[in-house]
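Structure first, then comments.
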Amino acid sequence: MREKIIAICFLIIIFVIPLSTIGKKLISTSDHTFSDSTSVSESVFHDEQEVNTTDASTFTDYVERFTDDLILIEDAAKVTHTLAAALSDDAYIDSDQVLAGKGGWLFYKRADDGTSLQDYQGISIFSEDTLEKISKSLIQQRDAFQDRGIRFAVMIIPNKEIVYEDYMPSTITRISEETRCDILVKYLTDNTDLEIIYPKEDLINAKYHNQIYYKYDTHWNRIGAHIGVQSILKKLYGTYQDISDTKIIIENQNKSGDLASLINMQEKYCDDTEYSLDISSYDPKQIVNDKLLIIGDSFCDMMLDDLDYYFEEVYPVGVWSFKMSMLDTYQPDIVIWECVERYADRLNWINLVK
């Protein structure tokens, strides 16, 4: 129904703009011809006759002049954008990178940078052959680290679109709610002894009590990152502190984000909340004496403060920068390969130990 209303409004605007322009020209012509004691009909039909008797280039010039003179075009564009947004739960932004969701939330949809939207829709699935290939590759990498006395784990962070699916626009349909990473994690859990950290359930449980991803950014916020670190400690050491036992501090309420920047609308989307955590409320019993080397993407950044608290030493390295020689330099006890869901295909073609 909403789509029909929007379509009707578009049609009305399409007809109103040229008709308004013609009306303006008639009035302008009328004022001019009356002052020259010339009839409106003579003036109008004279212009029409000139168009009919001139060559194609003159006709093209006439059309271009008419197009340039279209009135209300900018106002109509603004009205159309506002109307479309209002009738679709704010789910309309003219961008090939950013998707506007319900409640003003923004999501990432760029097709050539990961698979955020495809993951949400359930149309990006690993084949059986790919699952087996990833499994064998990760086992081979795990064994290579173990040969050096280093523990190896893989951490997959769910996309914002998956955790906050309730804010995704209703115009985006889902074939399946089971994502390719759900399938991958189940496959690796059932068929290998790899240590897989997948904080999806912990994050979804927490979102009903706290905001854990930014509204206008692709990343998780300080609270979400803390829950991610707790998932690491739970998997590797068997300890977990619920976020309800941690003191949360509001730093400011004018946060924008990378998604707002992509559409150059930081001034509109700038009312998100920035949180911090009171480190004195952390459980010191969770502190471990291991050195951690974490290899990953930008989702690592928000975890570093917590990781620094719990681990003896922490060495963050970008996935494109890691070299095996770093093992000799840092001498870590544990290596974690962190990967956000939309880049999970990297597990298929990147091999850290080669």
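Numbering starts fresh at 1 for the residues of each chain in the structure tokens, the chains themselves are lettered A, B, ... in the order given, and ligands are numbered from 1 as they appear.
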Open item on the list: Taking 5 positions as the minimum chain separation for residues in the same chain, which residues sit within 12 Å of A:Thr179 when counting only C-alpha atoms? Answer as a list of chain:residue names.
Closed with: A:Thr115, A:Ser116, A:Leu117, A:Gln118, A:Asp119, A:Tyr120, A:Gln121, A:Gly122, A:Ile123, A:Ser124, A:Ile125, A:Phe126, A:Pro158, A:Asn159, A:Glu161, A:Ile162, A:Val163, A:Arg174, A:Leu184, A:Val185, A:Lys186, A:Lys200, A:Glu341, A:Arg342, A:Ala344
Output file for the residues above (C-alpha atoms, as a PDB file, in the first residue's frame):
```pdb
ATOM      1  CA  THR A 115      28.114  -9.282   1.994  1.00  0.00           C
ATOM      2  CA  SER A 116      26.143  -7.374   4.638  1.00  0.00           C
ATOM      3  CA  LEU A 117      22.820  -7.277   2.813  1.00  0.00           C
ATOM      4  CA  GLN A 118      23.196 -10.741   1.280  1.00  0.00           C
ATOM      5  CA  ASP A 119      23.954 -12.198   4.712  1.00  0.00           C
ATOM      6  CA  TYR A 120      20.797 -10.632   6.107  1.00  0.00           C
ATOM      7  CA  GLN A 121      18.670 -11.913   3.238  1.00  0.00           C
ATOM      8  CA  GLY A 122      20.113 -15.398   3.540  1.00  0.00           C
ATOM      9  CA  ILE A 123      21.207 -15.531  -0.102  1.00  0.00           C
ATOM     10  CA  SER A 124      24.967 -15.679   0.546  1.00  0.00           C
ATOM     11  CA  ILE A 125      25.650 -19.281   1.537  1.00  0.00           C
ATOM     12  CA  PHE A 126      28.851 -21.332   1.631  1.00  0.00           C
ATOM     13  CA  PRO A 158      27.963 -10.946  13.442  1.00  0.00           C
ATOM     14  CA  ASN A 159      26.920  -8.111  11.177  1.00  0.00           C
ATOM     15  CA  GLU A 161      22.101  -6.191  10.181  1.00  0.00           C
ATOM     16  CA  ILE A 162      21.827  -9.613  11.834  1.00  0.00           C
ATOM     17  CA  VAL A 163      21.876  -8.447  15.445  1.00  0.00           C
ATOM     18  CA  ARG A 174      14.691 -12.637   3.915  1.00  0.00           C
ATOM     19  CA  LEU A 184      29.854 -22.271   9.005  1.00  0.00           C
ATOM     20  CA  VAL A 185      30.105 -22.215  12.795  1.00  0.00           C
ATOM     21  CA  LYS A 186      27.859 -25.264  13.109  1.00  0.00           C
ATOM     22  CA  LYS A 200      26.004 -13.806  18.230  1.00  0.00           C
ATOM     23  CA  GLU A 341      30.645 -11.704   9.212  1.00  0.00           C
ATOM     24  CA  ARG A 342      30.482  -9.693   6.004  1.00  0.00           C
ATOM     25  CA  ALA A 344      33.822 -14.245   6.253  1.00  0.00           C
TER      26      ALA A 344
END
```
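Here atom CA of A:Gly104 is placed at a distance of 22.3 Å from atom CA of A:Ala225.
From atom CA of A:Ile196 back to atom CA of A:Ile156, the distance works out to 7.7 Å.
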TODO: Select from stretch 235-296 of chain A everything DSSP, run on the backbone, classes as alpha helix (DSSP H), then give the selection as a VMD selection string.
DONE: chain A and resid 235 to 237 258 to 262
Open item on the list: If you run DSSP on the backbone here, which positions in stretch 127-169 of chain A get strand (DSSP E or B)? Please write them as a PyMOL selection string.
Closed with: chain A and resi 151-157
Selection file, N, CA, C and O atoms, as a PDB file, in the first residue's frame:
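Below you can see out29.pdb, which holds the result:
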```pdb
ATOM      1  N   ARG A 151      48.416 -21.223  21.057  1.00  0.00           N
ATOM      2  CA  ARG A 151      47.000 -21.571  20.952  1.00  0.00           C
ATOM      3  C   ARG A 151      46.355 -20.701  19.873  1.00  0.00           C
ATOM      4  O   ARG A 151      46.644 -19.494  19.771  1.00  0.00           O
ATOM      5  N   PHE A 152      45.464 -21.306  19.078  1.00  0.00           N
ATOM      6  CA  PHE A 152      44.841 -20.581  17.957  1.00  0.00           C
ATOM      7  C   PHE A 152      43.325 -20.673  18.043  1.00  0.00           C
ATOM      8  O   PHE A 152      42.757 -21.742  18.294  1.00  0.00           O
ATOM      9  N   ALA A 153      42.652 -19.533  17.846  1.00  0.00           N
ATOM     10  CA  ALA A 153      41.185 -19.492  17.842  1.00  0.00           C
ATOM     11  C   ALA A 153      40.707 -18.556  16.736  1.00  0.00           C
ATOM     12  O   ALA A 153      41.434 -17.644  16.309  1.00  0.00           O
ATOM     13  N   VAL A 154      39.494 -18.784  16.283  1.00  0.00           N
ATOM     14  CA  VAL A 154      38.864 -17.944  15.259  1.00  0.00           C
ATOM     15  C   VAL A 154      37.646 -17.272  15.870  1.00  0.00           C
ATOM     16  O   VAL A 154      36.820 -17.918  16.529  1.00  0.00           O
ATOM     17  N   MET A 155      37.532 -15.952  15.659  1.00  0.00           N
ATOM     18  CA  MET A 155      36.387 -15.199  16.166  1.00  0.00           C
ATOM     19  C   MET A 155      35.628 -14.588  15.002  1.00  0.00           C
ATOM     20  O   MET A 155      36.202 -13.861  14.179  1.00  0.00           O
ATOM     21  N   ILE A 156      34.335 -14.891  14.908  1.00  0.00           N
ATOM     22  CA  ILE A 156      33.478 -14.334  13.855  1.00  0.00           C
ATOM     23  C   ILE A 156      32.446 -13.422  14.511  1.00  0.00           C
ATOM     24  O   ILE A 156      31.661 -13.860  15.362  1.00  0.00           O
ATOM     25  N   ILE A 157      32.459 -12.151  14.136  1.00  0.00           N
ATOM     26  CA  ILE A 157      31.567 -11.153  14.728  1.00  0.00           C
ATOM     27  C   ILE A 157      30.364 -10.942  13.807  1.00  0.00           C
ATOM     28  O   ILE A 157      30.542 -10.653  12.618  1.00  0.00           O
TER      29      ILE A 157
END
```
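Between atom CA of A:Ile183 and atom CA of A:Ser127 there is a distance of 9.9 Å.
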TODO: For A:Leu277, list every protein, DNA or RNA residue within 12 Å, evaluated using only C-alpha atoms, and leave out those in the same chain fewer than 2 positions away; present the list as a PyMOL selection string.
DONE: chain A and resi 221-227+243-251+274-275+279-282+302-303+305-306
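Residues surrounding A:Val353 within 9 Å are Gln140, Gln141, Ala144, Phe145, Lys323 and Met324 of chain A [only C-alpha atoms; sequence separation below 6 positions excluded].
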Using only C-alpha atoms, tabulate the residues of stretch 106-139 of chain A lying at most 12 Å from any atom of stretch 187-191 of chain A, each with its closest atom pair and that distance in Å to one decimal, by chain and increasing residue number, as CSV.
```
residue,atom,partner,partner_atom,distance
A:Phe126,CA,A:Tyr187,CA,10.6
A:Ser127,CA,A:Tyr187,CA,11.3
A:Glu128,CA,A:Tyr187,CA,9.4
A:Asp129,CA,A:Tyr187,CA,11.7
A:Thr130,CA,A:Tyr187,CA,11.0
A:Leu131,CA,A:Tyr187,CA,7.2
A:Glu132,CA,A:Tyr187,CA,8.6
A:Lys133,CA,A:Leu188,CA,11.0
A:Ile134,CA,A:Leu188,CA,8.8
A:Ser135,CA,A:Leu188,CA,6.4
A:Lys136,CA,A:Leu188,CA,9.8
A:Ser137,CA,A:Leu188,CA,11.4
A:Leu138,CA,A:Leu188,CA,9.5
A:Ile139,CA,A:Leu188,CA,9.9
```
